[in-house]
Amino acid sequence: MADDDDLGLDAAYSLKTPQDSVRLYAKWAESYDEGFAAEQGYRTPAVIATAFAEAATEHDTPLLDVGCGTGLLAAALPPSLQASLWGLDISAQMLAVAEEKHLYQRLIEGNLLERLPFDDATFGCILSAGTFTTGHVGPQAFEELLRISKPDALFLVSVHAHYFHEAGFDMTFGELNQAGAITPIQTEAFDFYSHGDEDHAEDRGLLVSFRKKQTSSPAPFA
């Protein structure tokens, strides 16, 4: 078993590369739900699930849970969505834990910073709880997410509030809107955790929501 000092929020916030993520979550997968989510009162999956219930239509399918991890977001969504819910994560070990819960139609291992194994315009909804947390997965991932989403697809993603400006998410979303690729974003601040580690008690996220334009221009990425 991994040493507890090798796991936790400080370790997650120090990630810099996809390889760092693979190493951390390989060690963290088995204890993630009880050793992190439950102990910290991790709220992000519930926040995304509530937003989906309020904003989604019957046309927003199939759904892709980006950075699905152990399936915490899937567990917060209505069971009726499982037949149209796919999960994507970079960690095979986290996906193995999610697989045991039988919450997804299919689980796929993939890197958001590379081309994903999906056809263009596959998904009617992109959900993500906790993936855009530190600088190791930045706004450049949305080029690929827009490619695989249908016209008018709903996006509901969390972004760590500290990195929203620092990593250029605000600039990227503004450019995408100006280019006619997405609707103007809406943001809502929320607390990541209801209890737990005092060092991270004030960590906040932004719930970012928008839709891909029905007739969208190419994303303005270099």
# chains A, B, ... in the order shown; residues from 1 in each chain; ligands from 1
>>> closest_atom_pairs(of="region 103-179 of chain A", to="region 50-53 of chain A", cutoff="12 Å", atoms="only C-alpha atoms", output="Markdown table")
| residue | atom | partner | partner_atom | distance |
| --- | --- | --- | --- | --- |
| A:Cys125 | CA | A:Phe52 | CA | 9.3 |
| A:Ile126 | CA | A:Phe52 | CA | 10.1 |
| A:Leu127 | CA | A:Phe52 | CA | 8.5 |
| A:Ser128 | CA | A:Phe52 | CA | 11.0 |
| A:Ala129 | CA | A:Ala51 | CA | 11.4 |
| A:Leu154 | CA | A:Phe52 | CA | 8.9 |
| A:Phe155 | CA | A:Phe52 | CA | 9.2 |
| A:Leu156 | CA | A:Phe52 | CA | 7.2 |
| A:Val157 | CA | A:Ala51 | CA | 9.8 |
| A:Ser158 | CA | A:Ala51 | CA | 10.9 |
>>> write_last_selection(atoms="all heavy atoms", output="PDB file, in the first residue's frame")
ATOM      1  N   CYS A 125     -23.379  15.609 -24.582  1.00  0.00           N
ATOM      2  CA  CYS A 125     -23.104  16.288 -23.318  1.00  0.00           C
ATOM      3  C   CYS A 125     -21.715  15.903 -22.836  1.00  0.00           C
ATOM      4  O   CYS A 125     -21.347  14.728 -22.865  1.00  0.00           O
ATOM      5  CB  CYS A 125     -24.147  15.904 -22.266  1.00  0.00           C
ATOM      6  SG  CYS A 125     -23.941  16.756 -20.679  1.00  0.00           S
ATOM      7  N   ILE A 126     -20.964  16.920 -22.412  1.00  0.00           N
ATOM      8  CA  ILE A 126     -19.641  16.722 -21.826  1.00  0.00           C
ATOM      9  C   ILE A 126     -19.707  17.160 -20.374  1.00  0.00           C
ATOM     10  O   ILE A 126     -20.010  18.322 -20.065  1.00  0.00           O
ATOM     11  CB  ILE A 126     -18.560  17.535 -22.565  1.00  0.00           C
ATOM     12  CG1 ILE A 126     -18.506  17.175 -24.052  1.00  0.00           C
ATOM     13  CG2 ILE A 126     -17.206  17.334 -21.895  1.00  0.00           C
ATOM     14  CD1 ILE A 126     -18.034  15.782 -24.366  1.00  0.00           C
ATOM     15  N   LEU A 127     -19.422  16.231 -19.467  1.00  0.00           N
ATOM     16  CA  LEU A 127     -19.405  16.508 -18.032  1.00  0.00           C
ATOM     17  C   LEU A 127     -17.994  16.293 -17.506  1.00  0.00           C
ATOM     18  O   LEU A 127     -17.278  15.410 -17.973  1.00  0.00           O
ATOM     19  CB  LEU A 127     -20.356  15.573 -17.286  1.00  0.00           C
ATOM     20  CG  LEU A 127     -21.808  15.527 -17.746  1.00  0.00           C
ATOM     21  CD1 LEU A 127     -22.559  14.435 -16.994  1.00  0.00           C
ATOM     22  CD2 LEU A 127     -22.482  16.870 -17.529  1.00  0.00           C
ATOM     23  N   SER A 128     -17.610  17.084 -16.521  1.00  0.00           N
ATOM     24  CA  SER A 128     -16.303  16.861 -15.900  1.00  0.00           C
ATOM     25  C   SER A 128     -16.294  17.428 -14.493  1.00  0.00           C
ATOM     26  O   SER A 128     -16.549  18.616 -14.289  1.00  0.00           O
ATOM     27  CB  SER A 128     -15.184  17.518 -16.718  1.00  0.00           C
ATOM     28  OG  SER A 128     -13.920  17.230 -16.150  1.00  0.00           O
ATOM     29  N   ALA A 129     -15.983  16.567 -13.534  1.00  0.00           N
ATOM     30  CA  ALA A 129     -15.936  16.957 -12.128  1.00  0.00           C
ATOM     31  C   ALA A 129     -14.527  16.742 -11.586  1.00  0.00           C
ATOM     32  O   ALA A 129     -14.131  15.607 -11.319  1.00  0.00           O
ATOM     33  CB  ALA A 129     -16.942  16.149 -11.312  1.00  0.00           C
ATOM     34  N   LEU A 154     -24.222  20.146 -24.638  1.00  0.00           N
ATOM     35  CA  LEU A 154     -24.120  20.809 -23.347  1.00  0.00           C
ATOM     36  C   LEU A 154     -22.784  20.476 -22.686  1.00  0.00           C
ATOM     37  O   LEU A 154     -22.390  19.307 -22.641  1.00  0.00           O
ATOM     38  CB  LEU A 154     -25.264  20.344 -22.435  1.00  0.00           C
ATOM     39  CG  LEU A 154     -25.270  20.837 -20.988  1.00  0.00           C
ATOM     40  CD1 LEU A 154     -25.438  22.350 -20.921  1.00  0.00           C
ATOM     41  CD2 LEU A 154     -26.369  20.121 -20.182  1.00  0.00           C
ATOM     42  N   PHE A 155     -22.096  21.503 -22.175  1.00  0.00           N
ATOM     43  CA  PHE A 155     -20.867  21.337 -21.410  1.00  0.00           C
ATOM     44  C   PHE A 155     -21.110  21.798 -19.984  1.00  0.00           C
ATOM     45  O   PHE A 155     -21.568  22.921 -19.754  1.00  0.00           O
ATOM     46  CB  PHE A 155     -19.721  22.165 -22.003  1.00  0.00           C
ATOM     47  CG  PHE A 155     -19.051  21.570 -23.207  1.00  0.00           C
ATOM     48  CD1 PHE A 155     -19.725  21.445 -24.407  1.00  0.00           C
ATOM     49  CD2 PHE A 155     -17.730  21.139 -23.143  1.00  0.00           C
ATOM     50  CE1 PHE A 155     -19.106  20.904 -25.525  1.00  0.00           C
ATOM     51  CE2 PHE A 155     -17.096  20.590 -24.251  1.00  0.00           C
ATOM     52  CZ  PHE A 155     -17.785  20.473 -25.446  1.00  0.00           C
ATOM     53  N   LEU A 156     -20.799  20.942 -19.021  1.00  0.00           N
ATOM     54  CA  LEU A 156     -20.843  21.283 -17.603  1.00  0.00           C
ATOM     55  C   LEU A 156     -19.549  20.767 -16.976  1.00  0.00           C
ATOM     56  O   LEU A 156     -19.376  19.562 -16.812  1.00  0.00           O
ATOM     57  CB  LEU A 156     -22.040  20.625 -16.917  1.00  0.00           C
ATOM     58  CG  LEU A 156     -23.430  21.099 -17.337  1.00  0.00           C
ATOM     59  CD1 LEU A 156     -24.498  20.169 -16.786  1.00  0.00           C
ATOM     60  CD2 LEU A 156     -23.672  22.527 -16.858  1.00  0.00           C
ATOM     61  N   VAL A 157     -18.636  21.679 -16.660  1.00  0.00           N
ATOM     62  CA  VAL A 157     -17.332  21.268 -16.155  1.00  0.00           C
ATOM     63  C   VAL A 157     -16.946  22.127 -14.957  1.00  0.00           C
ATOM     64  O   VAL A 157     -17.337  23.294 -14.861  1.00  0.00           O
ATOM     65  CB  VAL A 157     -16.241  21.388 -17.244  1.00  0.00           C
ATOM     66  CG1 VAL A 157     -16.610  20.564 -18.466  1.00  0.00           C
ATOM     67  CG2 VAL A 157     -16.011  22.842 -17.646  1.00  0.00           C
ATOM     68  N   SER A 158     -16.181  21.542 -14.060  1.00  0.00           N
ATOM     69  CA  SER A 158     -15.633  22.313 -12.946  1.00  0.00           C
ATOM     70  C   SER A 158     -14.202  22.716 -13.272  1.00  0.00           C
ATOM     71  O   SER A 158     -13.447  21.964 -13.878  1.00  0.00           O
ATOM     72  CB  SER A 158     -15.663  21.492 -11.650  1.00  0.00           C
ATOM     73  OG  SER A 158     -14.762  20.396 -11.725  1.00  0.00           O
TER      74      SER A 158
END
>>> residues_around(residues="region 85-100 of chain A", least_positions_apart="5", cutoff="7 Å", atoms="only C-alpha atoms", output="list in words")
Val22, Tyr25, Ala26, Ala29, Pro62, Leu63, Leu64, Asp65, Val66, Gly67, Cys68, Gly69, Thr70, Gly71, Gln105, Arg106, Leu107, Ile108, Glu109, Gly110 and Asn111 of chain A
>>> write_last_selection(atoms="N, CA, C and O atoms", output="PDB file, in the first residue's frame")
ATOM      1  N   VAL A  22      -0.835   9.697 -13.991  1.00  0.00           N
ATOM      2  CA  VAL A  22      -0.887   8.235 -14.063  1.00  0.00           C
ATOM      3  C   VAL A  22      -0.267   7.618 -12.820  1.00  0.00           C
ATOM      4  O   VAL A  22      -0.818   6.686 -12.221  1.00  0.00           O
ATOM      5  N   TYR A  25      -2.537   8.441  -9.482  1.00  0.00           N
ATOM      6  CA  TYR A  25      -3.832   7.780  -9.381  1.00  0.00           C
ATOM      7  C   TYR A  25      -3.729   6.266  -9.419  1.00  0.00           C
ATOM      8  O   TYR A  25      -4.644   5.571  -8.963  1.00  0.00           O
ATOM      9  N   ALA A  26      -2.617   5.743  -9.913  1.00  0.00           N
ATOM     10  CA  ALA A  26      -2.386   4.302  -9.793  1.00  0.00           C
ATOM     11  C   ALA A  26      -2.285   3.911  -8.329  1.00  0.00           C
ATOM     12  O   ALA A  26      -2.767   2.844  -7.916  1.00  0.00           O
ATOM     13  N   ALA A  29      -6.060   4.937  -6.349  1.00  0.00           N
ATOM     14  CA  ALA A  29      -7.353   4.450  -6.824  1.00  0.00           C
ATOM     15  C   ALA A  29      -8.151   3.698  -5.756  1.00  0.00           C
ATOM     16  O   ALA A  29      -9.343   3.963  -5.539  1.00  0.00           O
ATOM     17  N   PRO A  62     -25.453  10.921 -26.332  1.00  0.00           N
ATOM     18  CA  PRO A  62     -24.913  10.304 -25.107  1.00  0.00           C
ATOM     19  C   PRO A  62     -24.033  11.278 -24.324  1.00  0.00           C
ATOM     20  O   PRO A  62     -23.666  12.335 -24.822  1.00  0.00           O
ATOM     21  N   LEU A  63     -23.683  10.892 -23.113  1.00  0.00           N
ATOM     22  CA  LEU A  63     -22.903  11.728 -22.222  1.00  0.00           C
ATOM     23  C   LEU A  63     -21.494  11.157 -22.068  1.00  0.00           C
ATOM     24  O   LEU A  63     -21.307   9.943 -22.029  1.00  0.00           O
ATOM     25  N   LEU A  64     -20.516  12.054 -21.946  1.00  0.00           N
ATOM     26  CA  LEU A  64     -19.145  11.647 -21.650  1.00  0.00           C
ATOM     27  C   LEU A  64     -18.705  12.284 -20.346  1.00  0.00           C
ATOM     28  O   LEU A  64     -18.714  13.509 -20.206  1.00  0.00           O
ATOM     29  N   ASP A  65     -18.335  11.450 -19.391  1.00  0.00           N
ATOM     30  CA  ASP A  65     -17.782  11.884 -18.103  1.00  0.00           C
ATOM     31  C   ASP A  65     -16.265  11.944 -18.261  1.00  0.00           C
ATOM     32  O   ASP A  65     -15.595  10.915 -18.306  1.00  0.00           O
ATOM     33  N   VAL A  66     -15.734  13.152 -18.364  1.00  0.00           N
ATOM     34  CA  VAL A  66     -14.314  13.380 -18.659  1.00  0.00           C
ATOM     35  C   VAL A  66     -13.520  13.399 -17.356  1.00  0.00           C
ATOM     36  O   VAL A  66     -13.805  14.189 -16.453  1.00  0.00           O
ATOM     37  N   GLY A  67     -12.514  12.541 -17.258  1.00  0.00           N
ATOM     38  CA  GLY A  67     -11.788  12.396 -16.007  1.00  0.00           C
ATOM     39  C   GLY A  67     -12.670  11.731 -14.976  1.00  0.00           C
ATOM     40  O   GLY A  67     -12.764  12.169 -13.829  1.00  0.00           O
ATOM     41  N   CYS A  68     -13.312  10.643 -15.389  1.00  0.00           N
ATOM     42  CA  CYS A  68     -14.360  10.033 -14.559  1.00  0.00           C
ATOM     43  C   CYS A  68     -13.828   9.401 -13.285  1.00  0.00           C
ATOM     44  O   CYS A  68     -14.581   9.185 -12.336  1.00  0.00           O
ATOM     45  N   GLY A  69     -12.536   9.059 -13.250  1.00  0.00           N
ATOM     46  CA  GLY A  69     -11.962   8.490 -12.043  1.00  0.00           C
ATOM     47  C   GLY A  69     -12.667   7.220 -11.610  1.00  0.00           C
ATOM     48  O   GLY A  69     -12.902   6.309 -12.393  1.00  0.00           O
ATOM     49  N   THR A  70     -13.061   7.173 -10.354  1.00  0.00           N
ATOM     50  CA  THR A  70     -13.705   5.985  -9.794  1.00  0.00           C
ATOM     51  C   THR A  70     -15.216   5.971  -9.980  1.00  0.00           C
ATOM     52  O   THR A  70     -15.899   5.095  -9.467  1.00  0.00           O
ATOM     53  N   GLY A  71     -15.753   6.971 -10.686  1.00  0.00           N
ATOM     54  CA  GLY A  71     -17.185   6.984 -10.966  1.00  0.00           C
ATOM     55  C   GLY A  71     -18.034   7.753  -9.988  1.00  0.00           C
ATOM     56  O   GLY A  71     -19.244   7.521  -9.900  1.00  0.00           O
ATOM     57  N   GLN A 105     -21.968   2.784 -19.551  1.00  0.00           N
ATOM     58  CA  GLN A 105     -22.104   1.923 -20.717  1.00  0.00           C
ATOM     59  C   GLN A 105     -20.738   1.411 -21.147  1.00  0.00           C
ATOM     60  O   GLN A 105     -20.575   0.241 -21.489  1.00  0.00           O
ATOM     61  N   ARG A 106     -19.748   2.312 -21.102  1.00  0.00           N
ATOM     62  CA  ARG A 106     -18.396   1.920 -21.503  1.00  0.00           C
ATOM     63  C   ARG A 106     -17.393   2.864 -20.856  1.00  0.00           C
ATOM     64  O   ARG A 106     -17.671   4.050 -20.662  1.00  0.00           O
ATOM     65  N   LEU A 107     -16.205   2.341 -20.537  1.00  0.00           N
ATOM     66  CA  LEU A 107     -15.119   3.114 -19.954  1.00  0.00           C
ATOM     67  C   LEU A 107     -13.922   3.054 -20.890  1.00  0.00           C
ATOM     68  O   LEU A 107     -13.555   1.984 -21.384  1.00  0.00           O
ATOM     69  N   ILE A 108     -13.297   4.221 -21.117  1.00  0.00           N
ATOM     70  CA  ILE A 108     -12.215   4.346 -22.072  1.00  0.00           C
ATOM     71  C   ILE A 108     -11.011   5.003 -21.399  1.00  0.00           C
ATOM     72  O   ILE A 108     -11.155   6.016 -20.710  1.00  0.00           O
ATOM     73  N   GLU A 109      -9.831   4.432 -21.610  1.00  0.00           N
ATOM     74  CA  GLU A 109      -8.599   5.054 -21.133  1.00  0.00           C
ATOM     75  C   GLU A 109      -8.088   6.012 -22.204  1.00  0.00           C
ATOM     76  O   GLU A 109      -7.953   5.638 -23.372  1.00  0.00           O
ATOM     77  N   GLY A 110      -7.817   7.256 -21.821  1.00  0.00           N
ATOM     78  CA  GLY A 110      -7.363   8.231 -22.802  1.00  0.00           C
ATOM     79  C   GLY A 110      -6.777   9.462 -22.151  1.00  0.00           C
ATOM     80  O   GLY A 110      -7.046   9.768 -20.982  1.00  0.00           O
ATOM     81  N   ASN A 111      -5.971  10.178 -22.921  1.00  0.00           N
ATOM     82  CA  ASN A 111      -5.272  11.383 -22.488  1.00  0.00           C
ATOM     83  C   ASN A 111      -5.917  12.588 -23.157  1.00  0.00           C
ATOM     84  O   ASN A 111      -5.967  12.676 -24.385  1.00  0.00           O
TER      85      ASN A 111
END
>>> residues_around(residues="Ala37 (chain A)", least_positions_apart="5", cutoff="9 Å", atoms="only C-alpha atoms", output="list in words")
Tyr32, Tyr42, Arg43, Leu72 and Tyr193 of chain A
>>> residues_around(residues="Pro79 (chain A)", least_positions_apart="6", cutoff="12 Å", atoms="only C-alpha atoms", output="PyMOL selection string")
chain A and resi 49+73+85+101-105
>>> select_by_dssp(residues="region 42-199 of chain A", states="strand (DSSP E)", output="PyMOL selection string")
chain A and resi 63-66+85-89+106-109+123-132+149-160+186-191
>>> residues_around(residues="Leu206 (chain A)", least_positions_apart="5", cutoff="12 Å", atoms="only C-alpha atoms", output="compact mmCIF listing (two decimals) with C-alpha atoms, in the first residue's frame")
# COMPACT_ATOMS: atom_id res chain seq x y z
CA THR A 44 -17.92 18.55 -7.05
CA VAL A 47 -22.62 20.03 -8.02
CA ILE A 48 -22.20 18.83 -11.61
CA SER A 128 -16.30 16.86 -15.90
CA ALA A 129 -15.94 16.96 -12.13
CA GLY A 130 -12.46 17.73 -10.82
CA PHE A 132 -9.49 20.89 -14.56
CA THR A 133 -8.08 21.35 -11.09
CA LEU A 156 -20.84 21.28 -17.60
CA VAL A 157 -17.33 21.27 -16.15
CA SER A 158 -15.63 22.31 -12.95
CA VAL A 159 -12.49 24.45 -13.01
CA HIS A 160 -10.39 25.25 -9.96
CA ALA A 161 -11.07 28.95 -9.34
CA HIS A 162 -7.37 29.73 -8.83
CA TYR A 163 -6.46 28.33 -12.24
CA PHE A 164 -9.40 29.78 -14.16
CA HIS A 165 -7.43 32.98 -14.84
CA PHE A 169 -9.44 29.23 -19.16
CA ASP A 170 -11.20 32.60 -19.19
CA ILE A 185 -20.14 30.79 -20.66
CA GLN A 186 -21.91 30.97 -17.34
CA THR A 187 -19.97 30.46 -14.12
CA GLU A 188 -21.02 29.70 -10.57
CA ALA A 189 -18.62 29.49 -7.64
CA PHE A 190 -18.85 26.65 -5.14
CA ASP A 191 -16.85 25.12 -2.30
CA PHE A 192 -14.99 21.94 -3.24
